[in-house]
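Notes to accompany the following structure.
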Amino acid sequence: MKASQAAFATATFAFFSLVAPVAWAQGHSEHVMVGPKDLTWADVPSLPAGAKIAVIEGPMNEAKPFTVRLKFPANYKIPAHSHPAIEHVTVISGTFNMGTGDKLDPKQTKALSAGSVAIVQPKINHFGWTKRETIVQLHGVGPWGVTYVNPSDDPRKK
């Protein structure tokens with residue numbers, strides 16, 4: 001009985017000595033923990049002036065998962081636009097007013113307070129606005145893009 005217990009203990013030790021470090025290393029290289037103070041904010045060329053972006057996971061231009069935070073100032077407006085992939089939006093702070101359609105219409109929006117989630121399907125025209133500073137988290141799978149309904153609304157073309 002002692003011999004079989006010793007053999008089992010040796011086999012278990014060998015397994016975890018060889019396999020566990022590989023599994024831990026694989027998971028550890030992908031593990032990310034980010035606090036609000038760790039974020040680096042930058043301008044967003046594809047949105048009207050005033051918006052800031054902090055990339056948590058990316059890149060957004062490749063067929064890989066991405067996670068970003070977007071910070072919008074008070075009284076900010078995002079004209080009607082669409083994306084080539086599904087958009088998951090979680091409101092972190094403030095209130096993000098969001099609606100669907102071909103033109104920004106504040107009367108046709110839903111107020112999404114902190115903790116709210118919106119999921120927008122690909123190529124659906126939508127828009128948003130804020131009354132006060134608002135931070136949202138956006139995640140999805142790239143490649144990502146922004147196509148404005150009215151090309152003259154695209155800040156990259158100005």
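Order determines the names: the first chain of the structure tokens is A, the second B, and so forth; residues in each chain are numbered 1 upward, and ligands are numbered 1 upward as they are shown.
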Those of chain A in DSSP strand (DSSP E), formatted as a PyMOL selection string: chain A and resi 42-43+52-57+65-72+77-82+87-93+95-100+110-113+117-120+126-129+134-141+147-148
Distance in Å - atom CA of A:Leu70 versus atom CA of A:Val149: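 For atom CA of A:Leu70 relative to atom CA of A:Val149, the distance reads 20.8 Å.
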Nearest residue to A:Gly115 from the set A:Ser152, A:Thr40, A:Ser82, A:Thr90 (distances using only C-alpha atoms):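 Counting only C-alpha atoms, the residue closest to A:Gly115 is A:Thr90.
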Contact residues around A:Gly128 with only C-alpha atoms at 6 Å, ignoring same-chain residues under 6 positions, as a PyMOL selection string: chain A and resi 77-78+97-98
Nearest to A:Val141, chosen from A:Glu87, A:Asp38, A:Glu30, A:Asp43, with only C-alpha atoms counted in the distances: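 Looking at the shortest contact to A:Val141, the residue is A:Glu87.
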In stretch 5-144 of chain A, DSSP alpha helix (DSSP H) residues written as a PyMOL selection string: chain A and resi 5-30
Take the residues just selected and output them with N, CA and C atoms as a PDB file, in the first residue's frame.
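Now in part_30.pdb:
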```pdb
ATOM      1  N   GLN A   5       1.098   4.351  -2.843  1.00  0.00           N
ATOM      2  CA  GLN A   5       0.926   5.755  -2.445  1.00  0.00           C
ATOM      3  C   GLN A   5       2.152   6.582  -2.845  1.00  0.00           C
ATOM      4  N   ALA A   6       3.337   6.005  -2.656  1.00  0.00           N
ATOM      5  CA  ALA A   6       4.562   6.706  -3.030  1.00  0.00           C
ATOM      6  C   ALA A   6       4.614   6.907  -4.538  1.00  0.00           C
ATOM      7  N   ALA A   7       4.208   5.906  -5.306  1.00  0.00           N
ATOM      8  CA  ALA A   7       4.207   6.025  -6.762  1.00  0.00           C
ATOM      9  C   ALA A   7       3.219   7.099  -7.204  1.00  0.00           C
ATOM     10  N   PHE A   8       2.039   7.131  -6.578  1.00  0.00           N
ATOM     11  CA  PHE A   8       1.032   8.140  -6.912  1.00  0.00           C
ATOM     12  C   PHE A   8       1.547   9.542  -6.573  1.00  0.00           C
ATOM     13  N   ALA A   9       2.165   9.696  -5.412  1.00  0.00           N
ATOM     14  CA  ALA A   9       2.706  10.990  -5.003  1.00  0.00           C
ATOM     15  C   ALA A   9       3.795  11.441  -5.958  1.00  0.00           C
ATOM     16  N   THR A  10       4.657  10.519  -6.364  1.00  0.00           N
ATOM     17  CA  THR A  10       5.734  10.859  -7.302  1.00  0.00           C
ATOM     18  C   THR A  10       5.155  11.272  -8.652  1.00  0.00           C
ATOM     19  N   ALA A  11       4.172  10.530  -9.137  1.00  0.00           N
ATOM     20  CA  ALA A  11       3.552  10.848 -10.428  1.00  0.00           C
ATOM     21  C   ALA A  11       2.841  12.203 -10.361  1.00  0.00           C
ATOM     22  N   THR A  12       2.136  12.469  -9.274  1.00  0.00           N
ATOM     23  CA  THR A  12       1.430  13.742  -9.095  1.00  0.00           C
ATOM     24  C   THR A  12       2.422  14.897  -9.062  1.00  0.00           C
ATOM     25  N   PHE A  13       3.495  14.730  -8.298  1.00  0.00           N
ATOM     26  CA  PHE A  13       4.525  15.768  -8.202  1.00  0.00           C
ATOM     27  C   PHE A  13       5.146  16.029  -9.586  1.00  0.00           C
ATOM     28  N   ALA A  14       5.442  14.966 -10.303  1.00  0.00           N
ATOM     29  CA  ALA A  14       6.055  15.101 -11.628  1.00  0.00           C
ATOM     30  C   ALA A  14       5.107  15.830 -12.577  1.00  0.00           C
ATOM     31  N   PHE A  15       3.827  15.465 -12.539  1.00  0.00           N
ATOM     32  CA  PHE A  15       2.843  16.105 -13.409  1.00  0.00           C
ATOM     33  C   PHE A  15       2.773  17.612 -13.137  1.00  0.00           C
ATOM     34  N   PHE A  16       2.598  17.973 -11.870  1.00  0.00           N
ATOM     35  CA  PHE A  16       2.461  19.390 -11.543  1.00  0.00           C
ATOM     36  C   PHE A  16       3.777  20.147 -11.694  1.00  0.00           C
ATOM     37  N   SER A  17       4.886  19.475 -11.549  1.00  0.00           N
ATOM     38  CA  SER A  17       6.178  20.131 -11.749  1.00  0.00           C
ATOM     39  C   SER A  17       6.409  20.452 -13.219  1.00  0.00           C
ATOM     40  N   LEU A  18       5.907  19.592 -14.112  1.00  0.00           N
ATOM     41  CA  LEU A  18       6.121  19.802 -15.540  1.00  0.00           C
ATOM     42  C   LEU A  18       5.006  20.604 -16.203  1.00  0.00           C
ATOM     43  N   VAL A  19       3.756  20.323 -15.873  1.00  0.00           N
ATOM     44  CA  VAL A  19       2.620  20.915 -16.564  1.00  0.00           C
ATOM     45  C   VAL A  19       2.182  22.242 -15.947  1.00  0.00           C
ATOM     46  N   ALA A  20       2.107  22.320 -14.636  1.00  0.00           N
ATOM     47  CA  ALA A  20       1.599  23.530 -13.987  1.00  0.00           C
ATOM     48  C   ALA A  20       2.399  24.774 -14.357  1.00  0.00           C
ATOM     49  N   PRO A  21       3.744  24.753 -14.367  1.00  0.00           N
ATOM     50  CA  PRO A  21       4.458  25.969 -14.745  1.00  0.00           C
ATOM     51  C   PRO A  21       4.158  26.410 -16.180  1.00  0.00           C
ATOM     52  N   VAL A  22       3.946  25.465 -17.091  1.00  0.00           N
ATOM     53  CA  VAL A  22       3.625  25.835 -18.474  1.00  0.00           C
ATOM     54  C   VAL A  22       2.258  26.498 -18.520  1.00  0.00           C
ATOM     55  N   ALA A  23       1.271  25.923 -17.859  1.00  0.00           N
ATOM     56  CA  ALA A  23      -0.074  26.495 -17.838  1.00  0.00           C
ATOM     57  C   ALA A  23      -0.052  27.868 -17.178  1.00  0.00           C
ATOM     58  N   TRP A  24       0.671  28.022 -16.086  1.00  0.00           N
ATOM     59  CA  TRP A  24       0.745  29.304 -15.407  1.00  0.00           C
ATOM     60  C   TRP A  24       1.409  30.339 -16.300  1.00  0.00           C
ATOM     61  N   ALA A  25       2.473  29.955 -16.964  1.00  0.00           N
ATOM     62  CA  ALA A  25       3.189  30.898 -17.825  1.00  0.00           C
ATOM     63  C   ALA A  25       2.315  31.344 -18.987  1.00  0.00           C
ATOM     64  N   GLN A  26       1.541  30.414 -19.555  1.00  0.00           N
ATOM     65  CA  GLN A  26       0.676  30.790 -20.669  1.00  0.00           C
ATOM     66  C   GLN A  26      -0.385  31.769 -20.194  1.00  0.00           C
ATOM     67  N   GLY A  27      -1.025  31.475 -19.073  1.00  0.00           N
ATOM     68  CA  GLY A  27      -2.051  32.360 -18.538  1.00  0.00           C
ATOM     69  C   GLY A  27      -1.462  33.677 -18.069  1.00  0.00           C
ATOM     70  N   HIS A  28      -0.299  33.623 -17.475  1.00  0.00           N
ATOM     71  CA  HIS A  28       0.310  34.822 -16.921  1.00  0.00           C
ATOM     72  C   HIS A  28       0.701  35.813 -18.013  1.00  0.00           C
ATOM     73  N   SER A  29       1.151  35.331 -19.144  1.00  0.00           N
ATOM     74  CA  SER A  29       1.541  36.244 -20.216  1.00  0.00           C
ATOM     75  C   SER A  29       0.329  36.971 -20.801  1.00  0.00           C
ATOM     76  N   GLU A  30      -0.852  36.460 -20.601  1.00  0.00           N
ATOM     77  CA  GLU A  30      -2.077  37.070 -21.111  1.00  0.00           C
ATOM     78  C   GLU A  30      -2.821  37.848 -20.034  1.00  0.00           C
TER      79      GLU A  30
END
```
Residue nearest A:Ile92 among A:Leu104, A:Val117, A:Met60, A:Ala42 (counting only C-alpha atoms): A:Val117
